[in-house]
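*Asks:* Pasting in a structure now, in structure tokens, and then I'll have a few things to ask.
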Amino acid sequence: MAMKQINPDVVAAYPITPQTEVMQIFASYVADGLVNTELITVESEHSAMSATIGAAAAGTRTMTATSSQGLALMWEMLYIASGLRLPIVMPMVNRALSAPINIHCDHSDSMGARDSGWIQIFSENAQEVYDNLFQAVRIAEHDDIQLPVMVNYDGFIISHGMEPVEVYDDKDIRDFIGEYKPKYALLDVEHPITIGSLDFTDYYFEHKRSQIEPMFHALPIIEKIGAEFGEKFGRKYGLFEEYYLDDAELAIVVLGSTAGTAKVVINELRKKGMKAGMLKLRVFRPFPEKQIAEILCRMKAVAVLDRSDAVAGTGGPLYAEIRSALYDCEKRPTAVNYVYGLGGRDINLSHIASVYEELEAISKNGKRPYKAINYLGVRE
């Protein structure tokens, strides 16, 4: 529905579970003449991103979508999309990476692309996916950003779950995202440009440095667009959501749908007097380390829940980012890691409650446990 209302000029489509439904439904909109989109069906995800890059470079508002191995097959082109500063928007339905083969949710796919130069936004539920996609268009096309954006959401848990979503008026969406006016376009023959040129030691470094620059300035722009969205549609978005963190002593950090489960646990723990809270990270790239540190440095103990593992013996990638953010705190909280939910394994209320029980024990002990990296809900 969000893609229908965005009505992009070009969409390149190649199906992969659990993204298939996105492209299948959007293709029906194209067939029924409900959008003005040129739908390009291709033979692989590599081709899907290649076609998307070509269309975006030509000066069109362009989208595609993928999951898991599909994102991995796009790898080469992900870097080209960001290196060329193309404002592509891509729904990313998170799914585990092979091997073993698995079609269910974890965050290994998008975490593998964390250094590819794409802005990454995570969603807790279907409403946030819908809302985030409109904001992603504004973020990607902002004059001071001009970078691709992927909107992540949990495969099957969100992509195939059923829940009510408030759908906005088409005109209101068009007014919010505005008409696309590309800064540069291959089809603008009055202002010819060169794309994809060779760049050796003479200017490659300078061009990569210019690609990095908007990441330093993107966070306040993302916040501003989230605030404008709130004024227009009643739901304000920031870099993250703080849940009972004002007076919290024990905090967990999560991405995606697990935040909803954690809120139920926190509500119960608060009734028992435990000062439990949660930081639900929405914007993962660029990483808001300063803002996160200002909040988490007040805690006695912090648990980072990762739905992926770096497979480096150092825990999950989110844990590494959070620990790095906490490094400059004058008084650092004890930080531990819980890898959970790989390949779609459920995380339930008792799992999250057990994390808070261990955080409480750590805070009373005052020491970082020997086992800082833990695997939650796995048979060992």
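Order determines the names: the first chain of the structure tokens is A, the second B, and so forth; residues in each chain are numbered 1 upward, and ligands are numbered 1 upward as they are shown.
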Env of Lys208 in chain A: 12 Å cut, atoms = only C-alpha atoms, seq-sep filter 6 positions within chain, self excluded. Answer as an NGL selection string.
*Replies:* :A and (79-80 or 82-85 or 116-117 or 199-201 or 214-215)
*Asks:* Considering only C-alpha atoms, give me a table of residues in range 265-330 of chain A that are at most 12 Å from range 235-241 of chain A, with the closest atom pair and distance in Å for each, as CSV.
*Replies:*
```
residue,atom,partner,partner_atom,distance
A:Gly277,CA,A:Glu241,CA,10.7
A:Met278,CA,A:Glu241,CA,8.1
A:Leu279,CA,A:Glu241,CA,5.9
A:Lys280,CA,A:Glu241,CA,5.0
A:Leu281,CA,A:Phe240,CA,4.4
A:Arg282,CA,A:Phe240,CA,4.7
A:Val283,CA,A:Leu239,CA,5.2
A:Phe284,CA,A:Leu239,CA,8.4
A:Arg285,CA,A:Leu239,CA,10.0
A:Pro286,CA,A:Leu239,CA,9.7
A:Phe287,CA,A:Leu239,CA,9.1
A:Pro288,CA,A:Leu239,CA,7.3
A:Glu289,CA,A:Leu239,CA,10.5
A:Lys290,CA,A:Leu239,CA,11.4
A:Gln291,CA,A:Leu239,CA,8.7
A:Ile292,CA,A:Phe240,CA,8.6
A:Ile295,CA,A:Phe240,CA,11.0
```
*Asks:* Just to be explicit: take each residue in the selection above, keep N, CA, C and O atoms, and write the result as a PDB file, in the first residue's frame.
*Replies:*
```
ATOM      1  N   GLY A 277      13.646  -0.485  31.705  1.00  0.00           N
ATOM      2  CA  GLY A 277      13.321   0.345  30.550  1.00  0.00           C
ATOM      3  C   GLY A 277      13.889  -0.256  29.277  1.00  0.00           C
ATOM      4  O   GLY A 277      14.591  -1.271  29.307  1.00  0.00           O
ATOM      5  N   MET A 278      13.581   0.393  28.161  1.00  0.00           N
ATOM      6  CA  MET A 278      14.041  -0.123  26.868  1.00  0.00           C
ATOM      7  C   MET A 278      14.363   1.034  25.925  1.00  0.00           C
ATOM      8  O   MET A 278      13.656   2.045  25.896  1.00  0.00           O
ATOM      9  N   LEU A 279      15.405   0.848  25.156  1.00  0.00           N
ATOM     10  CA  LEU A 279      15.697   1.753  24.056  1.00  0.00           C
ATOM     11  C   LEU A 279      15.474   0.981  22.765  1.00  0.00           C
ATOM     12  O   LEU A 279      16.191   0.015  22.477  1.00  0.00           O
ATOM     13  N   LYS A 280      14.432   1.366  22.040  1.00  0.00           N
ATOM     14  CA  LYS A 280      14.150   0.730  20.742  1.00  0.00           C
ATOM     15  C   LYS A 280      14.805   1.576  19.657  1.00  0.00           C
ATOM     16  O   LYS A 280      14.390   2.695  19.383  1.00  0.00           O
ATOM     17  N   LEU A 281      15.847   1.018  19.069  1.00  0.00           N
ATOM     18  CA  LEU A 281      16.594   1.772  18.058  1.00  0.00           C
ATOM     19  C   LEU A 281      15.839   1.749  16.733  1.00  0.00           C
ATOM     20  O   LEU A 281      15.480   0.676  16.241  1.00  0.00           O
ATOM     21  N   ARG A 282      15.594   2.900  16.173  1.00  0.00           N
ATOM     22  CA  ARG A 282      14.904   2.995  14.871  1.00  0.00           C
ATOM     23  C   ARG A 282      15.905   3.231  13.744  1.00  0.00           C
ATOM     24  O   ARG A 282      15.843   2.583  12.717  1.00  0.00           O
ATOM     25  N   VAL A 283      16.803   4.166  13.941  1.00  0.00           N
ATOM     26  CA  VAL A 283      17.794   4.491  12.913  1.00  0.00           C
ATOM     27  C   VAL A 283      19.111   3.803  13.276  1.00  0.00           C
ATOM     28  O   VAL A 283      19.746   4.146  14.271  1.00  0.00           O
ATOM     29  N   PHE A 284      19.496   2.832  12.467  1.00  0.00           N
ATOM     30  CA  PHE A 284      20.735   2.088  12.736  1.00  0.00           C
ATOM     31  C   PHE A 284      21.913   2.647  11.945  1.00  0.00           C
ATOM     32  O   PHE A 284      23.050   2.587  12.379  1.00  0.00           O
ATOM     33  N   ARG A 285      21.638   3.176  10.752  1.00  0.00           N
ATOM     34  CA  ARG A 285      22.656   3.858   9.946  1.00  0.00           C
ATOM     35  C   ARG A 285      22.078   5.157   9.435  1.00  0.00           C
ATOM     36  O   ARG A 285      21.035   5.118   8.787  1.00  0.00           O
ATOM     37  N   PRO A 286      22.692   6.310   9.701  1.00  0.00           N
ATOM     38  CA  PRO A 286      23.891   6.449  10.519  1.00  0.00           C
ATOM     39  C   PRO A 286      23.588   6.126  11.973  1.00  0.00           C
ATOM     40  O   PRO A 286      22.448   6.305  12.415  1.00  0.00           O
ATOM     41  N   PHE A 287      24.617   5.670  12.702  1.00  0.00           N
ATOM     42  CA  PHE A 287      24.407   5.212  14.071  1.00  0.00           C
ATOM     43  C   PHE A 287      24.437   6.401  15.034  1.00  0.00           C
ATOM     44  O   PHE A 287      25.442   7.109  15.106  1.00  0.00           O
ATOM     45  N   PRO A 288      23.355   6.628  15.789  1.00  0.00           N
ATOM     46  CA  PRO A 288      23.288   7.802  16.679  1.00  0.00           C
ATOM     47  C   PRO A 288      24.012   7.571  17.997  1.00  0.00           C
ATOM     48  O   PRO A 288      23.404   7.554  19.077  1.00  0.00           O
ATOM     49  N   GLU A 289      25.314   7.380  17.948  1.00  0.00           N
ATOM     50  CA  GLU A 289      26.056   6.950  19.137  1.00  0.00           C
ATOM     51  C   GLU A 289      26.043   7.986  20.259  1.00  0.00           C
ATOM     52  O   GLU A 289      25.925   7.629  21.438  1.00  0.00           O
ATOM     53  N   LYS A 290      26.139   9.269  19.921  1.00  0.00           N
ATOM     54  CA  LYS A 290      26.174  10.303  20.964  1.00  0.00           C
ATOM     55  C   LYS A 290      24.841  10.342  21.706  1.00  0.00           C
ATOM     56  O   LYS A 290      24.814  10.377  22.950  1.00  0.00           O
ATOM     57  N   GLN A 291      23.743  10.319  20.969  1.00  0.00           N
ATOM     58  CA  GLN A 291      22.419  10.378  21.585  1.00  0.00           C
ATOM     59  C   GLN A 291      22.160   9.135  22.438  1.00  0.00           C
ATOM     60  O   GLN A 291      21.548   9.216  23.511  1.00  0.00           O
ATOM     61  N   ILE A 292      22.611   7.987  21.961  1.00  0.00           N
ATOM     62  CA  ILE A 292      22.415   6.735  22.711  1.00  0.00           C
ATOM     63  C   ILE A 292      23.235   6.758  23.997  1.00  0.00           C
ATOM     64  O   ILE A 292      22.754   6.389  25.070  1.00  0.00           O
ATOM     65  N   ILE A 295      21.835   8.648  26.972  1.00  0.00           N
ATOM     66  CA  ILE A 295      20.746   7.974  27.692  1.00  0.00           C
ATOM     67  C   ILE A 295      21.260   6.776  28.477  1.00  0.00           C
ATOM     68  O   ILE A 295      21.004   6.638  29.678  1.00  0.00           O
TER      69      ILE A 295
END
```
*Asks:* Using only C-alpha atoms, which protein or nucleic acid residues come within 12 Å of Leu255 in chain A? Drop anything in the same chain fewer than 5 positions from it, and give the result as a PDB file with N, CA, C and O atoms, in the first residue's frame.
*Replies:*
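Output (part_13.pdb):
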```pdb
ATOM      1  N   ASN A  94      13.457  -8.651   6.601  1.00  0.00           N
ATOM      2  CA  ASN A  94      14.599  -9.347   7.203  1.00  0.00           C
ATOM      3  C   ASN A  94      14.403 -10.862   7.283  1.00  0.00           C
ATOM      4  O   ASN A  94      13.360 -11.344   7.728  1.00  0.00           O
ATOM      5  N   ASP A 106      15.703 -13.255  10.840  1.00  0.00           N
ATOM      6  CA  ASP A 106      16.669 -12.623  11.746  1.00  0.00           C
ATOM      7  C   ASP A 106      17.293 -11.467  10.977  1.00  0.00           C
ATOM      8  O   ASP A 106      16.893 -11.188   9.844  1.00  0.00           O
ATOM      9  N   HIS A 107      18.228 -10.768  11.604  1.00  0.00           N
ATOM     10  CA  HIS A 107      18.733  -9.526  11.016  1.00  0.00           C
ATOM     11  C   HIS A 107      20.092  -9.691  10.350  1.00  0.00           C
ATOM     12  O   HIS A 107      20.778  -8.701  10.075  1.00  0.00           O
ATOM     13  N   SER A 110      20.513  -7.607   6.729  1.00  0.00           N
ATOM     14  CA  SER A 110      20.753  -6.158   6.723  1.00  0.00           C
ATOM     15  C   SER A 110      21.997  -5.783   7.519  1.00  0.00           C
ATOM     16  O   SER A 110      22.679  -4.808   7.193  1.00  0.00           O
ATOM     17  N   MET A 111      22.323  -6.591   8.567  1.00  0.00           N
ATOM     18  CA  MET A 111      23.542  -6.297   9.332  1.00  0.00           C
ATOM     19  C   MET A 111      24.788  -6.503   8.461  1.00  0.00           C
ATOM     20  O   MET A 111      25.784  -5.806   8.610  1.00  0.00           O
ATOM     21  N   GLN A 120      19.816   2.972   7.212  1.00  0.00           N
ATOM     22  CA  GLN A 120      18.988   1.834   7.614  1.00  0.00           C
ATOM     23  C   GLN A 120      18.014   2.246   8.711  1.00  0.00           C
ATOM     24  O   GLN A 120      18.426   2.792   9.738  1.00  0.00           O
ATOM     25  N   ILE A 121      16.739   1.959   8.485  1.00  0.00           N
ATOM     26  CA  ILE A 121      15.684   2.241   9.456  1.00  0.00           C
ATOM     27  C   ILE A 121      14.976   0.931   9.786  1.00  0.00           C
ATOM     28  O   ILE A 121      14.667   0.151   8.880  1.00  0.00           O
ATOM     29  N   PHE A 122      14.744   0.678  11.075  1.00  0.00           N
ATOM     30  CA  PHE A 122      14.055  -0.537  11.513  1.00  0.00           C
ATOM     31  C   PHE A 122      12.637  -0.209  11.989  1.00  0.00           C
ATOM     32  O   PHE A 122      12.374   0.899  12.476  1.00  0.00           O
ATOM     33  N   SER A 123      11.741  -1.200  11.868  1.00  0.00           N
ATOM     34  CA  SER A 123      10.328  -0.997  12.179  1.00  0.00           C
ATOM     35  C   SER A 123       9.862  -2.046  13.185  1.00  0.00           C
ATOM     36  O   SER A 123      10.233  -3.224  13.086  1.00  0.00           O
ATOM     37  N   GLU A 124       9.012  -1.608  14.128  1.00  0.00           N
ATOM     38  CA  GLU A 124       8.507  -2.528  15.154  1.00  0.00           C
ATOM     39  C   GLU A 124       7.280  -3.301  14.685  1.00  0.00           C
ATOM     40  O   GLU A 124       7.053  -4.434  15.090  1.00  0.00           O
ATOM     41  N   ASN A 125       6.449  -2.673  13.843  1.00  0.00           N
ATOM     42  CA  ASN A 125       5.181  -3.295  13.442  1.00  0.00           C
ATOM     43  C   ASN A 125       4.788  -2.775  12.047  1.00  0.00           C
ATOM     44  O   ASN A 125       5.507  -1.962  11.439  1.00  0.00           O
ATOM     45  N   ASN A 152      13.808  -1.668   7.112  1.00  0.00           N
ATOM     46  CA  ASN A 152      13.840  -3.059   7.549  1.00  0.00           C
ATOM     47  C   ASN A 152      12.608  -3.424   8.364  1.00  0.00           C
ATOM     48  O   ASN A 152      12.153  -2.633   9.202  1.00  0.00           O
ATOM     49  N   TYR A 153      12.090  -4.628   8.122  1.00  0.00           N
ATOM     50  CA  TYR A 153      11.054  -5.159   9.008  1.00  0.00           C
ATOM     51  C   TYR A 153      11.125  -6.675   9.018  1.00  0.00           C
ATOM     52  O   TYR A 153      11.559  -7.303   8.044  1.00  0.00           O
ATOM     53  N   ASP A 154      10.695  -7.261  10.131  1.00  0.00           N
ATOM     54  CA  ASP A 154      10.922  -8.673  10.403  1.00  0.00           C
ATOM     55  C   ASP A 154      10.072  -9.578   9.512  1.00  0.00           C
ATOM     56  O   ASP A 154       8.837  -9.491   9.506  1.00  0.00           O
ATOM     57  N   LEU A 239      15.006   9.187  16.355  1.00  0.00           N
ATOM     58  CA  LEU A 239      16.069   8.240  16.036  1.00  0.00           C
ATOM     59  C   LEU A 239      15.849   6.918  16.736  1.00  0.00           C
ATOM     60  O   LEU A 239      16.299   5.865  16.286  1.00  0.00           O
ATOM     61  N   PHE A 240      15.169   7.004  17.898  1.00  0.00           N
ATOM     62  CA  PHE A 240      14.849   5.807  18.677  1.00  0.00           C
ATOM     63  C   PHE A 240      13.647   6.124  19.552  1.00  0.00           C
ATOM     64  O   PHE A 240      13.207   7.276  19.618  1.00  0.00           O
ATOM     65  N   GLU A 241      13.131   5.097  20.185  1.00  0.00           N
ATOM     66  CA  GLU A 241      12.023   5.281  21.125  1.00  0.00           C
ATOM     67  C   GLU A 241      12.500   4.911  22.513  1.00  0.00           C
ATOM     68  O   GLU A 241      13.098   3.856  22.713  1.00  0.00           O
ATOM     69  N   GLY A 260       7.932  -4.833  20.819  1.00  0.00           N
ATOM     70  CA  GLY A 260       6.554  -4.988  21.286  1.00  0.00           C
ATOM     71  C   GLY A 260       6.457  -6.004  22.410  1.00  0.00           C
ATOM     72  O   GLY A 260       5.743  -5.796  23.401  1.00  0.00           O
ATOM     73  N   THR A 261       7.172  -7.123  22.284  1.00  0.00           N
ATOM     74  CA  THR A 261       7.185  -8.148  23.335  1.00  0.00           C
ATOM     75  C   THR A 261       7.821  -7.590  24.605  1.00  0.00           C
ATOM     76  O   THR A 261       7.329  -7.813  25.716  1.00  0.00           O
ATOM     77  N   ALA A 262       8.905  -6.843  24.425  1.00  0.00           N
ATOM     78  CA  ALA A 262       9.608  -6.288  25.580  1.00  0.00           C
ATOM     79  C   ALA A 262       8.736  -5.297  26.355  1.00  0.00           C
ATOM     80  O   ALA A 262       8.809  -5.224  27.586  1.00  0.00           O
ATOM     81  N   MET A 278      13.581   0.393  28.161  1.00  0.00           N
ATOM     82  CA  MET A 278      14.041  -0.123  26.868  1.00  0.00           C
ATOM     83  C   MET A 278      14.363   1.034  25.925  1.00  0.00           C
ATOM     84  O   MET A 278      13.656   2.045  25.896  1.00  0.00           O
ATOM     85  N   LEU A 279      15.405   0.848  25.156  1.00  0.00           N
ATOM     86  CA  LEU A 279      15.697   1.753  24.056  1.00  0.00           C
ATOM     87  C   LEU A 279      15.474   0.981  22.765  1.00  0.00           C
ATOM     88  O   LEU A 279      16.191   0.015  22.477  1.00  0.00           O
ATOM     89  N   LYS A 280      14.432   1.366  22.040  1.00  0.00           N
ATOM     90  CA  LYS A 280      14.150   0.730  20.742  1.00  0.00           C
ATOM     91  C   LYS A 280      14.805   1.576  19.657  1.00  0.00           C
ATOM     92  O   LYS A 280      14.390   2.695  19.383  1.00  0.00           O
ATOM     93  N   LEU A 281      15.847   1.018  19.069  1.00  0.00           N
ATOM     94  CA  LEU A 281      16.594   1.772  18.058  1.00  0.00           C
ATOM     95  C   LEU A 281      15.839   1.749  16.733  1.00  0.00           C
ATOM     96  O   LEU A 281      15.480   0.676  16.241  1.00  0.00           O
ATOM     97  N   ARG A 282      15.594   2.900  16.173  1.00  0.00           N
ATOM     98  CA  ARG A 282      14.904   2.995  14.871  1.00  0.00           C
ATOM     99  C   ARG A 282      15.905   3.231  13.744  1.00  0.00           C
ATOM    100  O   ARG A 282      15.843   2.583  12.717  1.00  0.00           O
ATOM    101  N   VAL A 283      16.803   4.166  13.941  1.00  0.00           N
ATOM    102  CA  VAL A 283      17.794   4.491  12.913  1.00  0.00           C
ATOM    103  C   VAL A 283      19.111   3.803  13.276  1.00  0.00           C
ATOM    104  O   VAL A 283      19.746   4.146  14.271  1.00  0.00           O
ATOM    105  N   PHE A 284      19.496   2.832  12.467  1.00  0.00           N
ATOM    106  CA  PHE A 284      20.735   2.088  12.736  1.00  0.00           C
ATOM    107  C   PHE A 284      21.913   2.647  11.945  1.00  0.00           C
ATOM    108  O   PHE A 284      23.050   2.587  12.379  1.00  0.00           O
ATOM    109  N   VAL A 304      22.120  -5.725  25.436  1.00  0.00           N
ATOM    110  CA  VAL A 304      21.880  -5.494  24.008  1.00  0.00           C
ATOM    111  C   VAL A 304      21.391  -6.800  23.399  1.00  0.00           C
ATOM    112  O   VAL A 304      22.084  -7.816  23.459  1.00  0.00           O
ATOM    113  N   LEU A 305      20.187  -6.772  22.835  1.00  0.00           N
ATOM    114  CA  LEU A 305      19.613  -7.969  22.222  1.00  0.00           C
ATOM    115  C   LEU A 305      19.845  -7.923  20.714  1.00  0.00           C
ATOM    116  O   LEU A 305      19.381  -7.009  20.031  1.00  0.00           O
ATOM    117  N   ASP A 306      20.573  -8.893  20.216  1.00  0.00           N
ATOM    118  CA  ASP A 306      20.928  -8.961  18.792  1.00  0.00           C
ATOM    119  C   ASP A 306      20.185 -10.104  18.124  1.00  0.00           C
ATOM    120  O   ASP A 306      20.290 -11.258  18.584  1.00  0.00           O
ATOM    121  N   ARG A 307      19.497  -9.811  17.021  1.00  0.00           N
ATOM    122  CA  ARG A 307      18.878 -10.900  16.253  1.00  0.00           C
ATOM    123  C   ARG A 307      19.823 -11.348  15.136  1.00  0.00           C
ATOM    124  O   ARG A 307      19.390 -11.753  14.042  1.00  0.00           O
ATOM    125  N   SER A 308      21.102 -11.255  15.354  1.00  0.00           N
ATOM    126  CA  SER A 308      22.120 -11.744  14.423  1.00  0.00           C
ATOM    127  C   SER A 308      23.414 -11.861  15.205  1.00  0.00           C
ATOM    128  O   SER A 308      23.523 -11.335  16.318  1.00  0.00           O
ATOM    129  N   PRO A 317      26.400  -7.663  16.153  1.00  0.00           N
ATOM    130  CA  PRO A 317      26.892  -6.361  15.667  1.00  0.00           C
ATOM    131  C   PRO A 317      26.317  -5.170  16.426  1.00  0.00           C
ATOM    132  O   PRO A 317      27.012  -4.176  16.614  1.00  0.00           O
ATOM    133  N   LEU A 318      25.070  -5.263  16.864  1.00  0.00           N
ATOM    134  CA  LEU A 318      24.489  -4.139  17.617  1.00  0.00           C
ATOM    135  C   LEU A 318      25.207  -3.958  18.958  1.00  0.00           C
ATOM    136  O   LEU A 318      25.434  -2.842  19.410  1.00  0.00           O
ATOM    137  N   TYR A 319      25.590  -5.081  19.566  1.00  0.00           N
ATOM    138  CA  TYR A 319      26.337  -5.030  20.831  1.00  0.00           C
ATOM    139  C   TYR A 319      27.663  -4.285  20.652  1.00  0.00           C
ATOM    140  O   TYR A 319      28.034  -3.448  21.483  1.00  0.00           O
ATOM    141  N   TYR A 340      19.726 -13.737  20.027  1.00  0.00           N
ATOM    142  CA  TYR A 340      18.469 -14.479  20.130  1.00  0.00           C
ATOM    143  C   TYR A 340      17.823 -14.606  18.753  1.00  0.00           C
ATOM    144  O   TYR A 340      18.196 -13.918  17.800  1.00  0.00           O
ATOM    145  N   GLY A 341      16.827 -15.472  18.652  1.00  0.00           N
ATOM    146  CA  GLY A 341      15.915 -15.473  17.516  1.00  0.00           C
ATOM    147  C   GLY A 341      16.508 -15.789  16.168  1.00  0.00           C
ATOM    148  O   GLY A 341      15.892 -15.469  15.142  1.00  0.00           O
TER     149      GLY A 341
END
```
*Asks:* Restricting the calculation to only C-alpha atoms, which member of A:Asn374, A:Asn267, A:Ser50, A:Ser354 is positioned closest to Gly316 in chain A?
*Replies:*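 That would be A:Asn374, the residue with the smallest distance to Gly316 in chain A.
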*Asks:* Which polymer residues have any atom within 9 Å of an atom of Gln127 in chain A, counting only C-alpha atoms, with same-chain residues fewer than 5 positions away left out, as an NGL selection string?
*Replies:* :A and (132 or 163-167)
*Asks:* Could you write those residues out with all heavy atoms, as a PDB file, in the first residue's frame?
*Replies:*
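Okay, result.pdb is ready:
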```pdb
ATOM      1  N   ASN A 132       7.355   4.506   7.898  1.00  0.00           N
ATOM      2  CA  ASN A 132       8.785   4.694   7.619  1.00  0.00           C
ATOM      3  C   ASN A 132       9.077   4.811   6.121  1.00  0.00           C
ATOM      4  O   ASN A 132      10.012   5.516   5.718  1.00  0.00           O
ATOM      5  CB  ASN A 132       9.594   3.540   8.209  1.00  0.00           C
ATOM      6  CG  ASN A 132       9.798   3.699   9.711  1.00  0.00           C
ATOM      7  OD1 ASN A 132       9.788   4.802  10.243  1.00  0.00           O
ATOM      8  ND2 ASN A 132       9.973   2.582  10.402  1.00  0.00           N
ATOM      9  N   GLU A 163      -2.442  -7.229  11.280  1.00  0.00           N
ATOM     10  CA  GLU A 163      -2.744  -6.248  12.318  1.00  0.00           C
ATOM     11  C   GLU A 163      -3.282  -4.991  11.634  1.00  0.00           C
ATOM     12  O   GLU A 163      -2.970  -4.718  10.466  1.00  0.00           O
ATOM     13  CB  GLU A 163      -1.505  -5.918  13.147  1.00  0.00           C
ATOM     14  CG  GLU A 163      -0.325  -5.390  12.365  1.00  0.00           C
ATOM     15  CD  GLU A 163       0.880  -5.110  13.270  1.00  0.00           C
ATOM     16  OE1 GLU A 163       0.690  -4.938  14.475  1.00  0.00           O
ATOM     17  OE2 GLU A 163       1.995  -5.079  12.746  1.00  0.00           O
ATOM     18  N   PRO A 164      -4.114  -4.243  12.331  1.00  0.00           N
ATOM     19  CA  PRO A 164      -4.695  -3.031  11.708  1.00  0.00           C
ATOM     20  C   PRO A 164      -3.639  -1.953  11.475  1.00  0.00           C
ATOM     21  O   PRO A 164      -2.720  -1.788  12.278  1.00  0.00           O
ATOM     22  CB  PRO A 164      -5.735  -2.578  12.736  1.00  0.00           C
ATOM     23  CG  PRO A 164      -5.302  -3.182  14.024  1.00  0.00           C
ATOM     24  CD  PRO A 164      -4.609  -4.468  13.685  1.00  0.00           C
ATOM     25  N   VAL A 165      -3.769  -1.250  10.366  1.00  0.00           N
ATOM     26  CA  VAL A 165      -2.883  -0.140  10.026  1.00  0.00           C
ATOM     27  C   VAL A 165      -3.740   1.048   9.613  1.00  0.00           C
ATOM     28  O   VAL A 165      -4.686   0.891   8.835  1.00  0.00           O
ATOM     29  CB  VAL A 165      -1.939  -0.516   8.860  1.00  0.00           C
ATOM     30  CG1 VAL A 165      -1.164   0.697   8.361  1.00  0.00           C
ATOM     31  CG2 VAL A 165      -0.971  -1.606   9.291  1.00  0.00           C
ATOM     32  N   GLU A 166      -3.433   2.192  10.153  1.00  0.00           N
ATOM     33  CA  GLU A 166      -4.133   3.410   9.730  1.00  0.00           C
ATOM     34  C   GLU A 166      -3.555   3.852   8.388  1.00  0.00           C
ATOM     35  O   GLU A 166      -2.359   4.152   8.295  1.00  0.00           O
ATOM     36  CB  GLU A 166      -3.970   4.522  10.765  1.00  0.00           C
ATOM     37  CG  GLU A 166      -4.724   5.788  10.368  1.00  0.00           C
ATOM     38  CD  GLU A 166      -4.494   6.947  11.323  1.00  0.00           C
ATOM     39  OE1 GLU A 166      -3.776   6.749  12.336  1.00  0.00           O
ATOM     40  OE2 GLU A 166      -4.997   8.045  11.052  1.00  0.00           O
ATOM     41  N   VAL A 167      -4.396   3.890   7.370  1.00  0.00           N
ATOM     42  CA  VAL A 167      -3.959   4.257   6.019  1.00  0.00           C
ATOM     43  C   VAL A 167      -4.356   5.707   5.756  1.00  0.00           C
ATOM     44  O   VAL A 167      -5.492   6.107   6.011  1.00  0.00           O
ATOM     45  CB  VAL A 167      -4.595   3.321   4.968  1.00  0.00           C
ATOM     46  CG1 VAL A 167      -4.228   3.771   3.555  1.00  0.00           C
ATOM     47  CG2 VAL A 167      -4.133   1.886   5.200  1.00  0.00           C
TER      48      VAL A 167
END
```
*Asks:* Nearest to Glu268 in chain A among A:Ala113, A:Met90, A:Ile347, A:Ala353, with distances taken over only C-alpha atoms: which residue is it?
*Replies:* A:Ala353
*Asks:* Can you work out the spacing between CA of Arg61 in chain A and CA of Pro182 in chain A in Å, to one decimal?
*Replies:*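 Separation between CA of Arg61 in chain A and CA of Pro182 in chain A: 8.3 Å.
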*Asks:* Calculated over only C-alpha atoms, which of the candidates A:Gly155, A:Gly70, A:Thr62, A:Ala31 has the smallest distance to His46 in chain A?
*Replies:*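 The closest residue to His46 in chain A is A:Gly70.
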*Asks:* What are the DSSP helix (DSSP H, G or I) residues of range 159-253 of chain A, as number ranges by chain?
*Replies:* A: 170-177, 204-233
*Asks:* Can you tell me, as a list in words, what residues are no more than 10 Å from Ile177 in chain A when counting only C-alpha atoms, ignoring any on the same chain fewer than 4 positions away?
*Replies:* Gln5, Ile6, Phe134, Gln135, Ala136, Val137, Arg138, Ile139, Glu141, Asp172, Ile173 and Phe229 of chain A
*Asks:* Which residue is closest to Gly313 in chain A? Choose from A:Ala372, A:Leu359, A:Ala325, A:Leu349 and count only C-alpha atoms.
*Replies:*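 Of all the options, A:Ala372 lies closest to Gly313 in chain A.
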*Asks:* Show me, as a list in words, the residues that have an atom within 8 Å of Met74 in chain A when counting only C-alpha atoms, minus same-chain residues fewer than 2 positions from it.
*Replies:* Glu45, His46, Ser47, Ala48, Met49, Gly70, Leu71, Ala72, Glu76, Met77 and Leu78 of chain A
*Asks:* Which residues are close to Val11 in chain A, i.e. within 8 Å by only C-alpha atoms, leaving aside same-chain residues fewer than 2 positions away? Reply as a PyMOL selection string.
*Replies:* chain A and resi 8-9+13+37-40+52+62-64
*Asks:* So, counting only C-alpha atoms, which residue among A:Ile212, A:Ala335, A:Tyr244, A:Asp175 is closest to Val355 in chain A?
*Replies:*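 Of A:Ile212, A:Ala335, A:Tyr244, A:Asp175, the one nearest Val355 in chain A is A:Ala335, counting only C-alpha atoms.
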*Asks:* Rounded to one decimal, what separation in Å do you get between CA of Asn337 in chain A and CA of Met274 in chain A?
*Replies:*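 It comes out at 20.3 Å.
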*Asks:* Check the DSSP output for the backbone and give back, as a list of chain:residue names, the residues of range 95-289 of chain A in strand (DSSP E or B).
*Replies:*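 Across range 95-289 of chain A, those assigned strand (DSSP E or B) are A:Ile119, A:Gln120, A:Ile121, A:Phe122, A:Val149, A:Met150, A:Val151, A:Asn152, A:Tyr153, A:Asp154, A:Phe240, A:Glu241, A:Glu242, A:Tyr243, A:Leu250, A:Ala251, A:Ile252, A:Val253, A:Val254, A:Ala276, A:Gly277, A:Met278, A:Leu279, A:Lys280, A:Leu281, A:Val283, A:Phe284, A:Arg285.
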*Asks:* Could you check the closest approach to His104 in chain A for each of A:Ile195, A:Leu34, A:Ile16, A:Ile322 and tell me which residue wins, using only C-alpha atoms?
*Replies:*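 Comparing A:Ile195, A:Leu34, A:Ile16, A:Ile322 against His104 in chain A, the winner is A:Ile16.
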